[in-house]
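Asks: File follows, coords-v9.txt with compact mmCIF, C-alpha atoms:
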# COMPACT_ATOMS: atom_id res chain seq x y z
CA MET A 6 106.66 86.90 97.40
CA PRO A 7 105.48 89.56 94.95
CA ASP A 8 108.30 90.22 92.50
CA PHE A 9 110.76 92.42 94.35
CA GLU A 10 114.19 93.47 93.22
CA PRO A 11 116.77 93.60 95.97
CA LEU A 12 118.61 96.90 96.29
CA ASN A 13 121.30 95.26 98.43
CA PRO A 14 123.06 92.26 96.90
CA ALA A 15 123.57 90.91 100.41
CA ALA A 16 119.82 90.82 101.05
CA PRO A 17 117.96 88.83 98.41
CA ALA A 18 114.20 89.36 98.25
CA THR A 19 113.20 86.25 100.16
CA VAL A 20 110.06 86.12 102.29
CA GLU A 21 112.22 86.14 105.40
CA ASN A 22 114.28 89.15 104.38
CA VAL A 23 111.27 91.20 103.33
CA ALA A 24 109.48 90.32 106.58
CA LEU A 25 112.54 91.33 108.60
CA ALA A 26 112.77 94.60 106.68
CA VAL A 27 109.10 95.36 107.35
CA ALA A 28 109.61 94.61 111.03
CA ALA A 29 112.64 96.91 111.12
CA LEU A 30 110.74 99.68 109.38
CA ALA A 31 107.78 99.25 111.72
CA ARG A 32 109.97 100.35 114.64
CA PHE A 33 109.84 103.87 113.17
CA ASP A 34 106.77 106.03 113.47
CA GLU A 35 105.21 107.58 110.40
CA ALA A 36 106.99 110.90 110.75
CA GLU A 37 110.34 109.13 111.12
CA ILE A 38 109.65 107.05 108.01
CA SER A 39 108.74 110.26 106.16
CA GLU A 40 112.11 111.66 107.14
CA LEU A 41 113.90 108.55 105.90
CA VAL A 42 112.08 108.80 102.58
CA THR A 43 112.78 112.52 102.22
CA GLN A 44 116.47 111.91 102.84
CA GLY A 45 116.48 109.15 100.24
CA ARG A 46 117.39 106.60 102.92
CA LEU A 47 114.33 104.34 102.95
CA SER A 48 116.28 101.63 101.14
CA GLU A 49 118.72 101.47 104.06
CA VAL A 50 115.93 99.86 106.10
CA PHE A 51 113.76 98.39 103.31
CA PRO A 52 116.24 97.42 100.58
CA PHE A 53 113.73 96.31 97.97
CA ARG A 54 111.72 97.76 95.16
CA LEU A 55 108.96 96.49 92.93
CA ALA A 56 110.13 94.31 90.08
CA ARG A 57 109.64 96.02 86.79
CA GLY A 58 107.28 94.72 84.17
CA ALA A 59 106.64 96.03 80.68
CA PRO A 60 106.87 99.86 80.50
CA SER A 61 103.51 101.55 80.97
CA GLU A 62 102.22 103.91 78.30
CA ASP A 63 102.74 107.59 79.03
CA THR A 64 99.07 108.28 78.33
CA ARG A 65 96.04 106.08 78.93
CA SER A 66 92.47 106.09 77.76
CA ASP A 67 89.54 106.56 80.12
CA ALA A 68 88.62 102.92 79.71
CA ASP A 69 92.07 101.84 80.89
CA VAL A 70 91.96 103.86 84.12
CA PRO A 71 89.15 102.72 86.42
CA GLN A 72 87.92 105.47 88.73
CA ALA A 73 88.78 104.68 92.34
CA SER A 74 85.96 104.09 94.78
CA ALA A 75 85.45 106.96 97.21
CA LEU A 76 84.20 104.48 99.79
CA PRO A 77 86.31 102.46 102.21
CA LEU A 78 87.45 99.34 100.39
CA THR A 79 85.99 95.98 101.29
CA ASP A 80 88.46 93.31 102.36
CA GLU A 81 88.21 91.74 98.92
CA ALA A 82 88.78 95.05 97.14
CA PHE A 83 91.73 95.84 99.40
CA ALA A 84 93.27 92.46 98.69
CA LYS A 85 93.01 93.22 94.95
CA LEU A 86 94.52 96.67 95.53
CA LEU A 87 97.38 95.17 97.49
CA LYS A 88 98.05 92.66 94.73
CA SER A 89 98.01 95.28 91.96
CA SER A 90 100.24 97.60 93.94
CA MET A 91 102.80 94.87 94.53
CA ARG A 92 103.08 93.40 91.08
CA ASP A 93 103.28 95.11 87.72
CA SER A 94 100.59 93.57 85.57
CA GLY A 95 103.21 93.24 82.84
CA ALA A 96 105.31 90.92 84.99
CA SER A 97 105.14 87.30 83.93
CA ALA A 98 103.42 84.97 86.39
CA ALA A 99 105.80 82.25 85.24
CA ARG A 100 108.67 84.18 86.86
CA VAL A 101 107.15 83.81 90.30
CA PRO A 102 109.09 81.15 92.19
CA LEU A 103 107.34 78.61 94.42
CA HIS A 104 108.18 80.38 97.67
CA ALA A 105 106.49 83.48 96.29
CA LYS A 106 103.25 81.58 95.72
CA GLN A 107 103.37 80.43 99.31
CA SER A 108 103.83 83.98 100.47
CA HIS A 109 100.80 85.08 98.44
CA GLY A 110 98.75 82.78 100.63
CA LEU A 111 100.40 84.29 103.66
CA LEU A 112 99.58 87.75 102.40
CA ARG A 113 95.94 86.87 101.84
CA GLY A 114 95.87 85.55 105.37
CA VAL A 115 97.29 88.77 106.74
CA VAL A 116 94.72 90.85 104.86
CA SER A 117 91.85 88.69 106.06
CA LEU A 118 93.06 89.03 109.65
CA LEU A 119 92.94 92.77 109.21
CA SER A 120 89.33 93.03 108.18
CA ARG A 121 87.79 96.44 108.71
CA ASP A 122 86.13 95.46 111.98
CA GLN A 123 89.36 94.22 113.47
CA ARG A 124 91.60 97.09 112.52
CA LYS A 125 92.74 99.67 115.01
CA MET B 17 79.21 107.80 107.90
CA ALA B 18 77.54 110.24 105.46
CA SER B 19 74.07 109.06 104.39
CA VAL B 20 74.95 109.72 100.76
CA PRO B 21 78.62 109.05 100.02
CA THR B 22 80.65 112.04 98.94
CA GLN B 23 82.26 111.54 95.56
CA PHE B 24 85.77 112.35 94.42
CA ALA B 25 86.09 115.52 92.42
CA ARG B 26 85.82 115.15 88.64
CA PHE B 27 87.16 118.62 87.96
CA ALA B 28 89.83 120.83 89.46
CA PRO B 29 90.65 124.50 89.10
CA ALA B 30 93.12 125.12 86.30
CA ARG B 31 96.48 126.16 87.68
CA ARG B 32 97.04 128.92 85.19
CA LYS B 33 93.65 130.09 83.93
CA SER B 34 91.71 131.74 86.70
CA GLY B 35 88.09 130.67 86.82
CA ALA B 36 88.57 127.73 84.46
CA ASN B 37 88.09 124.12 85.52
CA VAL B 38 89.72 121.06 83.99
CA ARG B 39 88.77 117.41 84.11
CA ILE B 40 90.65 114.99 86.34
CA ARG B 41 90.41 111.33 87.26
CA ILE B 42 91.30 109.50 90.48
CA SER B 43 92.54 105.91 90.48
CA ASP B 44 94.08 103.44 92.90
CA MET B 45 97.85 103.28 92.50
CA THR B 46 99.35 100.21 90.88
CA ALA B 47 102.91 98.96 90.62
CA ALA B 48 102.93 100.19 87.02
CA ASP B 49 102.03 103.69 88.21
CA ALA B 50 104.89 103.65 90.71
CA TRP B 51 107.36 102.62 88.01
CA TRP B 52 106.10 105.17 85.51
CA TRP B 53 106.38 107.97 88.07
CA ASP B 54 109.90 106.99 89.13
CA VAL B 55 111.09 106.85 85.51
CA ASN B 56 109.27 109.86 84.06
CA VAL B 57 108.65 112.30 86.92
CA GLN B 58 111.00 111.48 89.76
CA THR B 59 114.04 111.67 87.47
CA ARG B 60 113.11 115.33 86.87
CA LEU B 61 112.01 116.21 90.40
CA VAL B 62 115.45 115.20 91.67
CA LEU B 63 116.84 118.20 89.79
CA LEU B 64 114.65 120.69 91.66
CA PRO B 65 116.21 122.05 94.86
CA GLY B 66 113.76 122.80 97.65
CA ARG B 67 111.32 120.02 96.74
CA ALA B 68 110.63 117.75 99.71
CA ASP B 69 109.94 114.86 97.29
CA ARG B 70 113.06 115.12 95.17
CA LEU B 71 114.68 111.95 96.57
CA TRP B 72 111.57 109.81 96.78
CA SER B 73 111.30 106.40 95.16
CA TRP B 74 107.75 105.17 94.71
CA THR B 75 108.83 101.68 93.68
CA THR B 76 110.29 101.29 97.17
CA MET B 77 107.78 103.45 99.04
CA LEU B 78 104.67 101.71 97.79
CA PRO B 79 105.42 98.18 99.05
CA ALA B 80 107.16 99.46 102.18
CA CYS B 81 104.26 101.70 103.17
CA MET B 82 101.57 99.13 102.45
CA TYR B 83 103.32 96.39 104.39
CA VAL B 84 104.46 98.45 107.35
CA GLN B 85 100.96 99.81 107.97
CA LEU B 86 99.51 96.31 107.72
CA SER B 87 102.03 95.26 110.36
CA LYS B 88 100.66 98.03 112.58
CA GLY B 89 97.04 97.05 112.02
CA ARG B 90 96.23 99.82 109.55
CA ARG B 91 95.73 100.14 105.83
CA CYS B 92 97.19 102.51 103.28
CA ARG B 93 95.21 103.91 100.35
CA PRO B 94 97.55 104.87 97.54
CA LEU B 95 95.96 107.10 94.88
CA VAL B 96 96.85 108.64 91.54
CA VAL B 97 95.40 111.90 90.20
CA TRP B 98 95.27 111.92 86.40
CA ALA B 99 95.15 115.02 84.22
CA TYR B 100 93.82 115.12 80.67
CA ALA B 101 96.27 115.83 77.90
CA ASP B 102 95.19 117.89 74.90
CA SER B 103 94.69 114.57 73.10
CA GLY B 104 91.97 113.61 75.55
CA ARG B 105 94.10 110.88 77.05
CA LEU B 106 95.05 110.64 80.70
CA VAL B 107 98.46 111.45 82.22
CA ARG B 108 99.54 110.72 85.77
CA ALA B 109 99.82 114.07 87.54
CA ALA B 110 99.94 113.46 91.30
CA MET B 111 100.60 110.54 93.63
CA SER B 112 99.62 110.14 97.26
CA ILE B 113 99.68 107.53 100.01
CA LEU B 114 97.10 107.95 102.77
CA ILE B 115 96.81 106.05 106.04
CA GLU B 116 93.24 105.10 106.94
CA ARG B 117 91.88 105.65 110.47
CA TYR B 118 95.02 107.23 111.89
CA PRO B 119 94.83 108.99 115.26
CA HIS B 120 93.65 112.57 114.88
CA LEU B 121 96.59 114.91 115.42
CA ASP B 122 94.65 117.20 117.76
CA VAL B 123 94.80 115.22 121.01
CA ARG B 124 92.21 117.58 122.49
CA ALA B 125 89.65 115.93 120.22
CA PRO B 126 90.69 112.27 120.07
CA GLY B 127 89.30 110.18 117.29
CA ASP B 128 90.17 108.71 113.94
CA ALA B 129 91.31 110.66 110.93
CA TYR B 130 93.07 110.06 107.63
CA PHE B 131 96.78 110.88 107.43
CA ILE B 132 98.32 112.15 104.21
CA TRP B 133 101.61 110.31 104.52
CA PHE B 134 103.09 111.13 101.10
CA MET B 135 101.95 113.45 98.35
CA SER B 136 103.79 114.44 95.18
CA THR B 137 102.62 116.55 92.27
CA ALA B 138 104.15 116.90 88.83
CA THR B 139 105.23 120.33 87.69
CA ASP B 140 103.64 122.15 84.76
CA THR B 141 106.83 121.59 82.77
CA ILE B 142 106.74 117.85 83.35
CA LEU B 143 103.06 117.62 82.45
CA ALA B 144 103.61 119.67 79.29
CA ARG B 145 106.04 117.00 78.07
CA PHE B 146 103.11 114.61 77.99
CA GLY B 147 100.69 116.95 76.29
CA VAL B 148 98.98 118.59 79.26
CA SER B 149 98.90 122.27 78.33
CA ASN B 150 96.28 123.24 80.93
CA PRO B 151 97.25 121.48 84.18
CA PRO B 152 94.88 121.17 87.11
CA SER B 153 95.50 122.32 90.66
CA LEU B 154 96.82 119.12 92.19
CA GLY B 155 97.67 119.69 95.84
CA GLY B 156 94.15 120.79 96.60
CA THR B 157 92.81 117.73 94.78
CA CYS B 158 94.93 115.38 96.87
CA ILE B 159 93.69 117.06 100.04
CA ASP B 160 90.10 116.82 98.79
CA ASN B 161 90.54 113.10 98.03
CA THR B 162 91.59 112.59 101.64
CA LEU B 163 88.65 114.58 102.97
CA VAL B 164 86.26 112.49 100.88
CA LEU B 165 87.67 109.16 102.02
CA SER B 166 87.72 110.37 105.62
CA VAL B 167 84.11 111.51 105.64
CA ASN B 168 82.91 108.36 103.86
CA ASP B 169 84.73 106.24 106.44
CA GLY B 170 83.03 107.86 109.38
CA CYS B 171 85.92 110.17 110.33
CA ALA B 172 84.01 113.37 109.56
CA GLY B 173 86.61 114.46 107.03
CA ARG B 174 89.34 114.82 109.62
CA LEU B 175 92.84 114.61 108.23
CA GLY B 176 96.40 115.25 109.26
CA LEU B 177 99.80 115.60 107.65
CA HIS B 178 103.37 116.66 108.33
CA ALA B 179 105.05 119.22 106.09
CA ALA B 180 108.56 117.87 105.56
CA PRO B 181 111.27 120.32 106.65
CA ALA B 182 112.91 119.81 103.27
CA GLY B 183 109.96 121.67 101.77
CA GLY B 184 110.92 124.76 103.74
CA ALA B 185 108.76 127.81 104.26
CA LYS B 186 107.09 127.40 100.89
CA LEU B 187 105.50 124.10 101.89
CA LEU B 188 104.60 125.52 105.29
CA ASN B 189 102.84 128.47 103.68
CA TYR B 190 100.96 126.21 101.29
CA TYR B 191 99.38 124.23 104.07
CA THR B 192 98.87 127.25 106.34
CA ALA B 193 96.57 128.69 103.69
CA ARG B 194 94.39 125.56 103.66
CA LEU B 195 94.54 123.68 106.93
CA LEU B 196 94.89 124.29 110.67
CA GLN B 197 98.41 124.30 112.05
CA LEU B 198 99.01 122.31 115.22
CA PRO B 199 100.68 124.58 117.79
CA ALA B 200 104.27 123.48 118.36
CA ALA B 201 103.65 123.25 122.10
CA GLN B 202 100.86 120.73 121.65
CA PRO B 203 101.74 117.05 122.13
CA LEU B 204 101.23 114.58 119.31
CA PRO B 205 99.13 111.41 119.53
CA PRO B 206 101.00 108.31 120.80
CA PRO B 207 101.92 106.67 117.49
CA ILE B 208 104.14 109.67 116.73
CA ARG B 209 107.19 109.72 118.97
CA ARG B 210 109.08 112.60 117.46
CA ARG B 211 108.70 116.05 118.94
CA ASN B 212 106.21 118.45 117.46
CA ASP B 213 108.31 120.67 115.18
CA GLY B 214 105.43 122.99 114.42
CA ARG B 215 104.98 121.56 110.91
CA PHE B 216 101.96 119.35 111.58
CA PHE B 217 98.69 120.39 109.97
CA TYR B 218 95.18 119.05 110.31
CA ALA B 219 91.55 119.56 109.49
CA ASP B 220 89.08 119.25 112.31
CA ASP B 221 85.39 118.55 111.71
CA ALA B 222 84.59 122.19 111.02
CA ARG B 223 87.52 122.84 108.70
CA ALA B 224 86.83 119.57 106.88
CA ALA B 225 83.19 120.52 106.38
CA LEU B 226 84.21 123.90 104.99
CA LEU B 227 86.77 122.41 102.60
CA LEU B 228 84.38 119.70 101.46
CA SER B 229 81.65 122.22 100.77
CA ARG B 230 84.06 124.28 98.68
CA GLY B 231 84.95 121.16 96.76
CA ASN B 232 81.36 120.21 95.98
CA ALA B 233 81.31 122.37 92.88
CA PHE B 234 83.95 120.10 91.38
CA ARG B 235 82.33 116.70 92.03
Is it possible to give me this structure as structure tokens?

Replies:
Amino acid sequence: MPDFEPLNPAAPATVENVALAVAALARFDEAEISELVTQGRLSEVFPFRLARGAPSEDTRSDADVPQASALPLTDEAFAKLLKSSMRDSGASAARVPLHAKQSHGLLRGVVSLLSRDQRK
Amino acid sequence: MASVPTQFARFAPARRKSGANVRIRISDMTAADAWWWDVNVQTRLVLLPGRADRLWSWTTMLPACMYVQLSKGRRCRPLVVWAYADSGRLVRAAMSILIERYPHLDVRAPGDAYFIWFMSTATDTILARFGVSNPPSLGGTCIDNTLVLSVNDGCAGRLGLHAAPAGGAKLLNYYTARLLQLPAAQPLPPPIRRRNDGRFFYADDARAALLLSRGNAFR
């Protein structure tokens, strides 16, 4: 599992708990999730946040900020986006426990199942 | 899909100097961006009453949004708008999470659109702390980003969004000036179960084409 910090001590960031939280959140429609977020209550359903890596600089150079593609992302590009949005690049790979590596494979499988042609 | 892809804007109108344009940059959001925003921007937005985004947490929203849309067979596209500080370096100025190929809000014209699920812009005061003395217009840039992705993905630029009630009349007026407002009596497409509270906005093909053409001067 990408490095997550649990926001509820009773719900450690295991693959199972994160999956259950996603399933619980998926019962809400997008407007309902927006309302949860606006009320500051998203963590009641999804009690995790990204693990923190090294602090990012306040300012960056042009070379350090790649311009986003204005085209729909390929499956490969989306998989890279998903990875970079789930793990701070400053986080140490050595901190990733074995079950997390297994879940990375699961994640790649999910993304490949949702190739552009197969999505809704 | 457009024969020649439409590009993201490289400039935006300056917020404070009429007629002036300032450089911007658009990037895909990373975990580091989410953390930086929560620590440096969100801690100040929470102090501003009337902001719909004052209680947001991007370090929770980003993974939650990405995963929940995947579970529903859709993808999110999280983006960052960067402004240039006086030093010539880039500063994060706006964050947004879009949903790709979401049902168009106007059920009279069914089809796919892009949905602006979350959008947050830093204030001039916050940006000034990081050396941005001439901030760009950010809300319009986020809307333009969505139009560009929508048109390049074969959705003709169509987009939709919901103006959070916490944003009050000010947020409503902002979007009324730019987009079409869905009549409160009109039903919403099936993924949305809540009642139409009159705060849903959209761009149909014609409005999208108009907005995109206005944005071409900044690409």

Asks: Which is closest to Leu227 (chain B) among B:Ala68, B:Leu175, B:Ile208, B:Leu154, if we use only C-alpha atoms?

Replies: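 Ranking B:Ala68, B:Leu175, B:Ile208, B:Leu154 by distance to Leu227 (chain B), first place goes to B:Leu175.
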
Asks: Using all atoms listed in the file, which residues of chain B come within 6 Å of chain A, and what is the closest atom pair for each, with the distance in Å to one decimal? Give it as JSON lines, sorted by chain and residue number.

Replies:
{"residue": "B:Gln23", "atom": "CA", "partner": "A:Ala75", "partner_atom": "CA", "distance": 5.8}
{"residue": "B:Ile42", "atom": "CA", "partner": "A:Gln72", "partner_atom": "CA", "distance": 5.5}
{"residue": "B:Ser43", "atom": "CA", "partner": "A:Ala73", "partner_atom": "CA", "distance": 4.4}
{"residue": "B:Asp44", "atom": "CA", "partner": "A:Ala73", "partner_atom": "CA", "distance": 5.5}
{"residue": "B:Thr46", "atom": "CA", "partner": "A:Ser90", "partner_atom": "CA", "distance": 4.1}
{"residue": "B:Ala47", "atom": "CA", "partner": "A:Ser90", "partner_atom": "CA", "distance": 4.5}
{"residue": "B:Ala48", "atom": "CA", "partner": "A:Asp93", "partner_atom": "CA", "distance": 5.1}
{"residue": "B:Leu71", "atom": "CA", "partner": "A:Gly45", "partner_atom": "CA", "distance": 5.0}
{"residue": "B:Trp72", "atom": "CA", "partner": "A:Val42", "partner_atom": "CA", "distance": 5.9}
{"residue": "B:Thr75", "atom": "CA", "partner": "A:Arg54", "partner_atom": "CA", "distance": 5.1}
{"residue": "B:Thr76", "atom": "CA", "partner": "A:Arg54", "partner_atom": "CA", "distance": 4.3}
{"residue": "B:Val84", "atom": "CA", "partner": "A:Ala31", "partner_atom": "CA", "distance": 5.5}
{"residue": "B:Gly89", "atom": "CA", "partner": "A:Arg124", "partner_atom": "CA", "distance": 5.5}
{"residue": "B:Arg105", "atom": "CA", "partner": "A:Ser66", "partner_atom": "CA", "distance": 5.1}
{"residue": "B:Leu106", "atom": "CA", "partner": "A:Arg65", "partner_atom": "CA", "distance": 5.0}
{"residue": "B:Val107", "atom": "CA", "partner": "A:Thr64", "partner_atom": "CA", "distance": 5.1}
{"residue": "B:Leu165", "atom": "CA", "partner": "A:Ala75", "partner_atom": "CA", "distance": 5.7}
{"residue": "B:Asn168", "atom": "CA", "partner": "A:Leu76", "partner_atom": "CA", "distance": 5.8}
{"residue": "B:Asp169", "atom": "CA", "partner": "A:Pro77", "partner_atom": "CA", "distance": 5.9}
{"residue": "B:Ile208", "atom": "CA", "partner": "A:Asp34", "partner_atom": "CA", "distance": 5.5}

Asks: Would you mind listing what lies within 10 Å of Met82 (chain B) as a list in words, with only C-alpha atoms counted and same-chain residues fewer than 2 positions away left out?

Replies: Val27, Leu87, Ser90 and Met91 of chain A; Met77, Leu78, Pro79, Ala80, Val84, Gln85, Leu86, Ser87, Arg90, Arg91, Cys92, Arg93, Pro94, Ile113, Leu114 and Ile115 of chain B

Asks: Kindly provide, as an mmCIF file with C-alpha atoms, keeping the file's coordinate frame, the polymer residues lying within 10 Å of (94.9, 121.2, 99.3), counting only C-alpha atoms and using the coordinates exactly as they appear in the file.

Replies:
data_model
loop_
_atom_site.group_PDB
_atom_site.id
_atom_site.type_symbol
_atom_site.label_atom_id
_atom_site.label_comp_id
_atom_site.auth_asym_id
_atom_site.auth_seq_id
_atom_site.Cartn_x
_atom_site.Cartn_y
_atom_site.Cartn_z
ATOM 1 C CA SER B 153 95.500 122.320 90.660
ATOM 2 C CA LEU B 154 96.820 119.120 92.190
ATOM 3 C CA GLY B 155 97.670 119.690 95.840
ATOM 4 C CA GLY B 156 94.150 120.790 96.600
ATOM 5 C CA THR B 157 92.810 117.730 94.780
ATOM 6 C CA CYS B 158 94.930 115.380 96.870
ATOM 7 C CA ILE B 159 93.690 117.060 100.040
ATOM 8 C CA ASP B 160 90.100 116.820 98.790
ATOM 9 C CA ASN B 161 90.540 113.100 98.030
ATOM 10 C CA THR B 162 91.590 112.590 101.640
ATOM 11 C CA LEU B 163 88.650 114.580 102.970
ATOM 12 C CA TYR B 190 100.960 126.210 101.290
ATOM 13 C CA TYR B 191 99.380 124.230 104.070
ATOM 14 C CA ALA B 193 96.570 128.690 103.690
ATOM 15 C CA ARG B 194 94.390 125.560 103.660
ATOM 16 C CA LEU B 195 94.540 123.680 106.930
ATOM 17 C CA LEU B 227 86.770 122.410 102.600
#

Asks: Report, in Å with one decimal, the straight-line distance from CA of Pro14 (chain A) to CA of Thr59 (chain B).

Replies: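 That distance, rounded to one decimal, is 23.4 Å.
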